[in-house]
Amino acid sequence: GTDKKFTVVFVLGGPGSGKGTQCANIVRHFGYTHLSAGDLLRAEIKSGSENGTMIQNMIKEGKIVPSEVTVKLLQQAMHESGNDKFLIDGFPRNEENRAAFESVTEIVPEFVLFFDCSEEEMERRLLSRNQGREDDNIETIRKRFKVFMESSLPVIEYYNSKGKVRKIDAGKPVEEVFEAVKAVFTSSYD
Ligand code: UP5
Ligand code: MG
């Protein structure tokens, strides 16, 4: 219950929709700290934690890691950051994630940024990323798309029903997407 003081924007969208890329831009302009749930999980694998093998297997299969792991990593990162404004990228990914984060932290997001992009374009981006991610192969990419459609879109629909979603056409070039993102953040200060 002590996390209510934090301001949070959830940054959601399919695999390769540009969440990480745009978060880096938002950080530079608006003073948020960027927390990618996927990056925190990958760091957890590298650190050799006892959950590492389980996390690695789930990522390889495109599955969603249990919220007790992810919420703890996010909370830890928020407390260690020294900031009070966060972009939480790639989380919550299902109803269980959403409910757990809400009940553990009591944080209600300021809004939800949703990067809307076609699967065709996302697949093209992921297959040409070349950063050695174990989930950037066509088999895992297809699984990630399926999980996004089945489990993550309903979370976006939930927030949409609360009037919280700011939808961005993420199929355009990076600079054009960022213009639309800037407009959302600028108008949220009015
Ligand atoms: N690129 C970006 N924007 C572009 C544009 N406008 N035009 C052209 N190219 C563009 O971008 C992807 C690539 O596209 C890059 O090469 C970029 O240069 C280019 P990026 O910004 O990295 O997209 P992003 O949406 O961040 O893609 P990412 O692959 O990170 O999304 P995912 O949601 O799939 O990955 P994440 O790291 O969040 O999760 C990975 C896995 O971790 C999940 O599948 C799951 O198994 C697990 N996970 C959980 O279990 N729980 C969580 O809470 C989070 C993750
Ligand atoms: Mg990312």
# chains A, B, ... in the order shown; residues from 1 in each chain; ligands from 1
>>> residues_near_ligand(ligand="ligand 1", cutoff="6 Å", atoms="only C-alpha atoms and all ligand atoms", output="VMD selection string")
chain A and resid 14 to 21 37 to 39 58 to 59 62 to 65 70 90 to 93 125 to 126 129 144 170 to 174
>>> write_last_selection(atoms="C-alpha atoms", output="PDB file, in the first residue's frame")
ATOM      1  CA  GLY A  14       2.386  -6.616 -29.453  1.00  0.00           C
ATOM      2  CA  PRO A  15       5.878  -8.095 -29.738  1.00  0.00           C
ATOM      3  CA  GLY A  16       7.944  -5.718 -31.870  1.00  0.00           C
ATOM      4  CA  SER A  17       5.375  -2.912 -31.826  1.00  0.00           C
ATOM      5  CA  GLY A  18       8.104  -0.496 -30.643  1.00  0.00           C
ATOM      6  CA  LYS A  19       7.522  -0.264 -26.884  1.00  0.00           C
ATOM      7  CA  GLY A  20      11.223  -0.198 -25.954  1.00  0.00           C
ATOM      8  CA  THR A  21      12.170   2.175 -28.763  1.00  0.00           C
ATOM      9  CA  ALA A  37       9.326  -6.179 -17.520  1.00  0.00           C
ATOM     10  CA  GLY A  38      10.975  -8.328 -20.205  1.00  0.00           C
ATOM     11  CA  ASP A  39      14.369  -6.676 -19.591  1.00  0.00           C
ATOM     12  CA  MET A  58       8.805 -19.532 -20.352  1.00  0.00           C
ATOM     13  CA  ILE A  59      10.309 -16.785 -22.520  1.00  0.00           C
ATOM     14  CA  GLY A  62       6.405 -17.059 -25.322  1.00  0.00           C
ATOM     15  CA  LYS A  63       4.533 -17.788 -22.096  1.00  0.00           C
ATOM     16  CA  ILE A  64       3.731 -15.291 -19.365  1.00  0.00           C
ATOM     17  CA  VAL A  65       5.817 -15.604 -16.191  1.00  0.00           C
ATOM     18  CA  THR A  70       7.329  -9.977 -12.236  1.00  0.00           C
ATOM     19  CA  GLY A  90       5.301  -4.933 -21.547  1.00  0.00           C
ATOM     20  CA  PHE A  91       3.312  -5.453 -18.347  1.00  0.00           C
ATOM     21  CA  PRO A  92       0.542  -6.327 -17.401  1.00  0.00           C
ATOM     22  CA  ARG A  93       0.248  -9.065 -20.048  1.00  0.00           C
ATOM     23  CA  ARG A 125      10.875  -5.987 -37.241  1.00  0.00           C
ATOM     24  CA  LEU A 126      11.530  -8.913 -34.899  1.00  0.00           C
ATOM     25  CA  ARG A 129      16.357  -7.087 -34.905  1.00  0.00           C
ATOM     26  CA  ARG A 144       4.167 -14.601 -28.729  1.00  0.00           C
ATOM     27  CA  ALA A 170       2.702   2.182 -34.352  1.00  0.00           C
ATOM     28  CA  GLY A 171       3.131   0.967 -37.930  1.00  0.00           C
ATOM     29  CA  LYS A 172       4.689   4.246 -39.030  1.00  0.00           C
ATOM     30  CA  PRO A 173       8.371   5.303 -38.926  1.00  0.00           C
ATOM     31  CA  VAL A 174       9.876   5.827 -35.437  1.00  0.00           C
TER      32      VAL A 174
END
>>> residues_around(residues="Glu139 in chain A", least_positions_apart="2", cutoff="12 Å", atoms="only C-alpha atoms", output="PyMOL selection string")
chain A and resi 60-62+123+126-127+134-137+141-146
>>> closest_residue(among="A:Gln22, A:Gln56, A:Ser118, A:Thr105", to="ligand 2", atoms="only C-alpha atoms and all ligand atoms")
A:Gln22
>>> closest_residue(among="A:Val104, A:Leu40, A:Val71, A:Ala99", to="ligand 2", atoms="only C-alpha atoms and all ligand atoms")
A:Leu40
>>> select_by_dssp(residues="range 1-138 of chain A", states="helix (DSSP H, G or I)", output="PyMOL selection string")
chain A and resi 19-30+37-46+52-60+67-81+95-105+119-127+138
>>> write_last_selection(atoms="C-alpha atoms", output="PDB file, in the first residue's frame")
ATOM      1  CA  LYS A  19       7.522  -0.264 -26.884  1.00  0.00           C
ATOM      2  CA  GLY A  20      11.223  -0.198 -25.954  1.00  0.00           C
ATOM      3  CA  THR A  21      12.170   2.175 -28.763  1.00  0.00           C
ATOM      4  CA  GLN A  22       9.510   4.728 -27.882  1.00  0.00           C
ATOM      5  CA  CYS A  23      10.095   4.440 -24.123  1.00  0.00           C
ATOM      6  CA  ALA A  24      13.699   5.530 -24.671  1.00  0.00           C
ATOM      7  CA  ASN A  25      12.364   8.667 -26.404  1.00  0.00           C
ATOM      8  CA  ILE A  26       9.758   9.352 -23.712  1.00  0.00           C
ATOM      9  CA  VAL A  27      12.409   9.130 -20.971  1.00  0.00           C
ATOM     10  CA  ARG A  28      14.480  11.826 -22.669  1.00  0.00           C
ATOM     11  CA  HIS A  29      11.548  14.244 -22.988  1.00  0.00           C
ATOM     12  CA  PHE A  30       9.326  13.621 -19.973  1.00  0.00           C
ATOM     13  CA  ALA A  37       9.326  -6.179 -17.520  1.00  0.00           C
ATOM     14  CA  GLY A  38      10.975  -8.328 -20.205  1.00  0.00           C
ATOM     15  CA  ASP A  39      14.369  -6.676 -19.591  1.00  0.00           C
ATOM     16  CA  LEU A  40      14.004  -7.258 -15.831  1.00  0.00           C
ATOM     17  CA  LEU A  41      13.201 -10.923 -16.458  1.00  0.00           C
ATOM     18  CA  ARG A  42      16.166 -11.324 -18.829  1.00  0.00           C
ATOM     19  CA  ALA A  43      18.440  -9.706 -16.204  1.00  0.00           C
ATOM     20  CA  GLU A  44      17.064 -12.174 -13.660  1.00  0.00           C
ATOM     21  CA  ILE A  45      18.078 -15.082 -15.942  1.00  0.00           C
ATOM     22  CA  LYS A  46      21.587 -13.641 -16.350  1.00  0.00           C
ATOM     23  CA  GLY A  52      16.278 -18.160 -13.877  1.00  0.00           C
ATOM     24  CA  THR A  53      15.738 -21.498 -15.587  1.00  0.00           C
ATOM     25  CA  MET A  54      11.947 -21.300 -15.210  1.00  0.00           C
ATOM     26  CA  ILE A  55      11.914 -17.765 -16.640  1.00  0.00           C
ATOM     27  CA  GLN A  56      14.167 -18.733 -19.539  1.00  0.00           C
ATOM     28  CA  ASN A  57      11.934 -21.670 -20.464  1.00  0.00           C
ATOM     29  CA  MET A  58       8.805 -19.532 -20.352  1.00  0.00           C
ATOM     30  CA  ILE A  59      10.309 -16.785 -22.520  1.00  0.00           C
ATOM     31  CA  LYS A  60      11.468 -19.357 -25.053  1.00  0.00           C
ATOM     32  CA  SER A  67       2.994 -12.304 -11.604  1.00  0.00           C
ATOM     33  CA  GLU A  68       4.580 -12.956  -8.203  1.00  0.00           C
ATOM     34  CA  VAL A  69       7.969 -12.963  -9.969  1.00  0.00           C
ATOM     35  CA  THR A  70       7.329  -9.977 -12.236  1.00  0.00           C
ATOM     36  CA  VAL A  71       5.560  -7.764  -9.703  1.00  0.00           C
ATOM     37  CA  LYS A  72       8.387  -8.260  -7.227  1.00  0.00           C
ATOM     38  CA  LEU A  73      10.997  -7.264  -9.840  1.00  0.00           C
ATOM     39  CA  LEU A  74       8.987  -4.184 -10.828  1.00  0.00           C
ATOM     40  CA  GLN A  75       8.480  -3.091  -7.221  1.00  0.00           C
ATOM     41  CA  GLN A  76      12.164  -3.548  -6.459  1.00  0.00           C
ATOM     42  CA  ALA A  77      13.147  -1.496  -9.515  1.00  0.00           C
ATOM     43  CA  MET A  78      10.705   1.284  -8.625  1.00  0.00           C
ATOM     44  CA  HIS A  79      12.047   1.544  -5.093  1.00  0.00           C
ATOM     45  CA  GLU A  80      15.678   1.464  -6.218  1.00  0.00           C
ATOM     46  CA  SER A  81      15.228   4.088  -8.953  1.00  0.00           C
ATOM     47  CA  GLU A  95      -5.623 -10.528 -16.249  1.00  0.00           C
ATOM     48  CA  GLU A  96      -3.642 -12.255 -13.502  1.00  0.00           C
ATOM     49  CA  ASN A  97      -0.748  -9.768 -13.940  1.00  0.00           C
ATOM     50  CA  ARG A  98      -3.136  -6.831 -13.853  1.00  0.00           C
ATOM     51  CA  ALA A  99      -5.025  -7.925 -10.756  1.00  0.00           C
ATOM     52  CA  ALA A 100      -1.860  -8.856  -8.841  1.00  0.00           C
ATOM     53  CA  PHE A 101      -0.114  -5.556  -9.577  1.00  0.00           C
ATOM     54  CA  GLU A 102      -3.190  -3.602  -8.577  1.00  0.00           C
ATOM     55  CA  SER A 103      -3.730  -5.422  -5.299  1.00  0.00           C
ATOM     56  CA  VAL A 104      -0.068  -5.565  -4.267  1.00  0.00           C
ATOM     57  CA  THR A 105       0.876  -1.970  -5.149  1.00  0.00           C
ATOM     58  CA  GLU A 119       1.489  -8.666 -37.162  1.00  0.00           C
ATOM     59  CA  GLU A 120       3.094  -8.524 -40.596  1.00  0.00           C
ATOM     60  CA  GLU A 121       5.071  -5.408 -39.633  1.00  0.00           C
ATOM     61  CA  MET A 122       5.906  -6.689 -36.132  1.00  0.00           C
ATOM     62  CA  GLU A 123       7.198  -9.968 -37.567  1.00  0.00           C
ATOM     63  CA  ARG A 124       9.379  -8.093 -40.046  1.00  0.00           C
ATOM     64  CA  ARG A 125      10.875  -5.987 -37.241  1.00  0.00           C
ATOM     65  CA  LEU A 126      11.530  -8.913 -34.899  1.00  0.00           C
ATOM     66  CA  LEU A 127      13.167 -11.045 -37.567  1.00  0.00           C
ATOM     67  CA  ILE A 138       9.775 -17.508 -36.172  1.00  0.00           C
TER      68      ILE A 138
END
>>> atom_distance(atom1="CA of Ala180 in chain A", atom2="CA of Met149 in chain A")
23.7 Å
>>> residues_around(residues="Pro109 in chain A", least_positions_apart="5", cutoff="10 Å", atoms="only C-alpha atoms", output="PyMOL selection string")
chain A and resi 6-10+86-88+102+159+164
>>> write_last_selection(atoms="N, CA and C atoms", output="PDB file, in the first residue's frame")
ATOM      1  N   PHE A   6       3.516   6.503  -6.391  1.00  0.00           N
ATOM      2  CA  PHE A   6       4.151   6.418  -7.703  1.00  0.00           C
ATOM      3  C   PHE A   6       3.157   6.688  -8.832  1.00  0.00           C
ATOM      4  N   THR A   7       3.653   7.398  -9.840  1.00  0.00           N
ATOM      5  CA  THR A   7       2.890   7.599 -11.074  1.00  0.00           C
ATOM      6  C   THR A   7       3.343   6.558 -12.090  1.00  0.00           C
ATOM      7  N   VAL A   8       2.390   5.854 -12.678  1.00  0.00           N
ATOM      8  CA  VAL A   8       2.730   4.788 -13.620  1.00  0.00           C
ATOM      9  C   VAL A   8       1.934   4.932 -14.915  1.00  0.00           C
ATOM     10  N   VAL A   9       2.650   4.789 -16.036  1.00  0.00           N
ATOM     11  CA  VAL A   9       2.015   4.639 -17.343  1.00  0.00           C
ATOM     12  C   VAL A   9       2.368   3.245 -17.845  1.00  0.00           C
ATOM     13  N   PHE A  10       1.379   2.446 -18.182  1.00  0.00           N
ATOM     14  CA  PHE A  10       1.648   1.149 -18.790  1.00  0.00           C
ATOM     15  C   PHE A  10       1.832   1.344 -20.288  1.00  0.00           C
ATOM     16  N   PHE A  86       7.042   6.299 -13.647  1.00  0.00           N
ATOM     17  CA  PHE A  86       7.535   5.127 -14.368  1.00  0.00           C
ATOM     18  C   PHE A  86       6.732   4.801 -15.612  1.00  0.00           C
ATOM     19  N   LEU A  87       7.488   4.385 -16.641  1.00  0.00           N
ATOM     20  CA  LEU A  87       6.880   3.740 -17.799  1.00  0.00           C
ATOM     21  C   LEU A  87       7.067   2.258 -17.576  1.00  0.00           C
ATOM     22  N   ILE A  88       5.993   1.534 -17.402  1.00  0.00           N
ATOM     23  CA  ILE A  88       6.104   0.084 -17.243  1.00  0.00           C
ATOM     24  C   ILE A  88       5.765  -0.546 -18.587  1.00  0.00           C
ATOM     25  N   GLU A 102      -2.261  -4.543  -9.206  1.00  0.00           N
ATOM     26  CA  GLU A 102      -3.190  -3.602  -8.577  1.00  0.00           C
ATOM     27  C   GLU A 102      -3.348  -3.867  -7.086  1.00  0.00           C
ATOM     28  N   TYR A 159      -8.804  -1.810 -19.806  1.00  0.00           N
ATOM     29  CA  TYR A 159      -8.471  -0.404 -19.548  1.00  0.00           C
ATOM     30  C   TYR A 159      -9.208   0.537 -20.501  1.00  0.00           C
ATOM     31  N   LYS A 164      -9.008   4.605 -20.215  1.00  0.00           N
ATOM     32  CA  LYS A 164      -7.587   4.836 -19.902  1.00  0.00           C
ATOM     33  C   LYS A 164      -6.641   4.641 -21.089  1.00  0.00           C
TER      34      LYS A 164
END
>>> select_by_dssp(residues="range 116-169 of chain A", states="strand (DSSP E)", output="ChimeraX atom specification")
/A:116,165-169
>>> residues_around(residues="Phe114 in chain A", least_positions_apart="5", cutoff="7 Å", atoms="only C-alpha atoms", output="PDB file with C-alpha atoms, in the first residue's frame")
ATOM      1  CA  VAL A  11       3.161   0.832 -22.269  1.00  0.00           C
ATOM      2  CA  LEU A  12       1.517  -2.062 -24.085  1.00  0.00           C
ATOM      3  CA  GLY A  13       1.461  -3.460 -27.604  1.00  0.00           C
ATOM      4  CA  VAL A 165      -6.220   3.755 -23.288  1.00  0.00           C
ATOM      5  CA  ARG A 166      -4.299   6.113 -25.584  1.00  0.00           C
ATOM      6  CA  LYS A 167      -3.980   4.251 -28.862  1.00  0.00           C
ATOM      7  CA  ILE A 168      -1.096   5.033 -31.201  1.00  0.00           C
TER       8      ILE A 168
END
>>> residues_around(residues="Ser188 in chain A", least_positions_apart="2", cutoff="12 Å", atoms="only C-alpha atoms", output="PyMOL selection string")
chain A and resi 9+30+110-113+164+166+181-186+190
>>> closest_residue(among="A:Asp169, A:Asp89, A:Asp116, A:Glu179", to="ligand 2", atoms="only C-alpha atoms and all ligand atoms")
A:Asp89
>>> atom_distance(atom1="CA of Phe148 in chain A", atom2="CA of Arg133 in chain A")
17.9 Å
>>> closest_residue(among="A:Ile156, A:Gly48, A:Phe115, A:Val177", to="ligand 2", atoms="only C-alpha atoms and all ligand atoms")
A:Phe115
>>> atom_distance(atom1="CA of Thr33 in chain A", atom2="CA of Asp84 in chain A")
8.1 Å
>>> closest_residue(among="A:Ser187, A:Ser151, A:Ser161, A:Ser36", to="ligand 2", atoms="only C-alpha atoms and all ligand atoms")
A:Ser36
>>> decode(residues="range 9-104 of chain A", atoms="C-alpha atoms", output="tab-separated table (two decimals), in the first residue's frame")
chain	number	residue	atom	x	y	z
A	9	VAL	CA	2.01	4.64	-17.34
A	10	PHE	CA	1.65	1.15	-18.79
A	11	VAL	CA	3.16	0.83	-22.27
A	12	LEU	CA	1.52	-2.06	-24.08
A	13	GLY	CA	1.46	-3.46	-27.60
A	14	GLY	CA	2.39	-6.62	-29.45
A	15	PRO	CA	5.88	-8.10	-29.74
A	16	GLY	CA	7.94	-5.72	-31.87
A	17	SER	CA	5.38	-2.91	-31.83
A	18	GLY	CA	8.10	-0.50	-30.64
A	19	LYS	CA	7.52	-0.26	-26.88
A	20	GLY	CA	11.22	-0.20	-25.95
A	21	THR	CA	12.17	2.17	-28.76
A	22	GLN	CA	9.51	4.73	-27.88
A	23	CYS	CA	10.09	4.44	-24.12
A	24	ALA	CA	13.70	5.53	-24.67
A	25	ASN	CA	12.36	8.67	-26.40
A	26	ILE	CA	9.76	9.35	-23.71
A	27	VAL	CA	12.41	9.13	-20.97
A	28	ARG	CA	14.48	11.83	-22.67
A	29	HIS	CA	11.55	14.24	-22.99
A	30	PHE	CA	9.33	13.62	-19.97
A	31	GLY	CA	11.49	12.46	-17.07
A	32	TYR	CA	10.03	9.01	-16.51
A	33	THR	CA	12.11	5.98	-15.58
A	34	HIS	CA	11.69	3.15	-18.09
A	35	LEU	CA	11.07	-0.30	-16.64
A	36	SER	CA	10.75	-3.08	-19.21
A	37	ALA	CA	9.33	-6.18	-17.52
A	38	GLY	CA	10.98	-8.33	-20.21
A	39	ASP	CA	14.37	-6.68	-19.59
A	40	LEU	CA	14.00	-7.26	-15.83
A	41	LEU	CA	13.20	-10.92	-16.46
A	42	ARG	CA	16.17	-11.32	-18.83
A	43	ALA	CA	18.44	-9.71	-16.20
A	44	GLU	CA	17.06	-12.17	-13.66
A	45	ILE	CA	18.08	-15.08	-15.94
A	46	LYS	CA	21.59	-13.64	-16.35
A	47	SER	CA	22.01	-13.10	-12.61
A	48	GLY	CA	21.70	-16.84	-12.06
A	49	SER	CA	18.72	-16.49	-9.72
A	50	GLU	CA	16.87	-19.62	-8.62
A	51	ASN	CA	13.96	-18.66	-10.90
A	52	GLY	CA	16.28	-18.16	-13.88
A	53	THR	CA	15.74	-21.50	-15.59
A	54	MET	CA	11.95	-21.30	-15.21
A	55	ILE	CA	11.91	-17.77	-16.64
A	56	GLN	CA	14.17	-18.73	-19.54
A	57	ASN	CA	11.93	-21.67	-20.46
A	58	MET	CA	8.81	-19.53	-20.35
A	59	ILE	CA	10.31	-16.79	-22.52
A	60	LYS	CA	11.47	-19.36	-25.05
A	61	GLU	CA	7.86	-20.57	-25.28
A	62	GLY	CA	6.40	-17.06	-25.32
A	63	LYS	CA	4.53	-17.79	-22.10
A	64	ILE	CA	3.73	-15.29	-19.36
A	65	VAL	CA	5.82	-15.60	-16.19
A	66	PRO	CA	3.73	-15.75	-12.95
A	67	SER	CA	2.99	-12.30	-11.60
A	68	GLU	CA	4.58	-12.96	-8.20
A	69	VAL	CA	7.97	-12.96	-9.97
A	70	THR	CA	7.33	-9.98	-12.24
A	71	VAL	CA	5.56	-7.76	-9.70
A	72	LYS	CA	8.39	-8.26	-7.23
A	73	LEU	CA	11.00	-7.26	-9.84
A	74	LEU	CA	8.99	-4.18	-10.83
A	75	GLN	CA	8.48	-3.09	-7.22
A	76	GLN	CA	12.16	-3.55	-6.46
A	77	ALA	CA	13.15	-1.50	-9.52
A	78	MET	CA	10.70	1.28	-8.62
A	79	HIS	CA	12.05	1.54	-5.09
A	80	GLU	CA	15.68	1.46	-6.22
A	81	SER	CA	15.23	4.09	-8.95
A	82	GLY	CA	14.91	7.19	-6.80
A	83	ASN	CA	12.25	8.45	-9.24
A	84	ASP	CA	8.49	8.51	-8.73
A	85	LYS	CA	7.32	8.34	-12.39
A	86	PHE	CA	7.53	5.13	-14.37
A	87	LEU	CA	6.88	3.74	-17.80
A	88	ILE	CA	6.10	0.08	-17.24
A	89	ASP	CA	6.76	-1.55	-20.62
A	90	GLY	CA	5.30	-4.93	-21.55
A	91	PHE	CA	3.31	-5.45	-18.35
A	92	PRO	CA	0.54	-6.33	-17.40
A	93	ARG	CA	0.25	-9.07	-20.05
A	94	ASN	CA	-2.80	-10.90	-18.71
A	95	GLU	CA	-5.62	-10.53	-16.25
A	96	GLU	CA	-3.64	-12.26	-13.50
A	97	ASN	CA	-0.75	-9.77	-13.94
A	98	ARG	CA	-3.14	-6.83	-13.85
A	99	ALA	CA	-5.03	-7.92	-10.76
A	100	ALA	CA	-1.86	-8.86	-8.84
A	101	PHE	CA	-0.11	-5.56	-9.58
A	102	GLU	CA	-3.19	-3.60	-8.58
A	103	SER	CA	-3.73	-5.42	-5.30
A	104	VAL	CA	-0.07	-5.57	-4.27
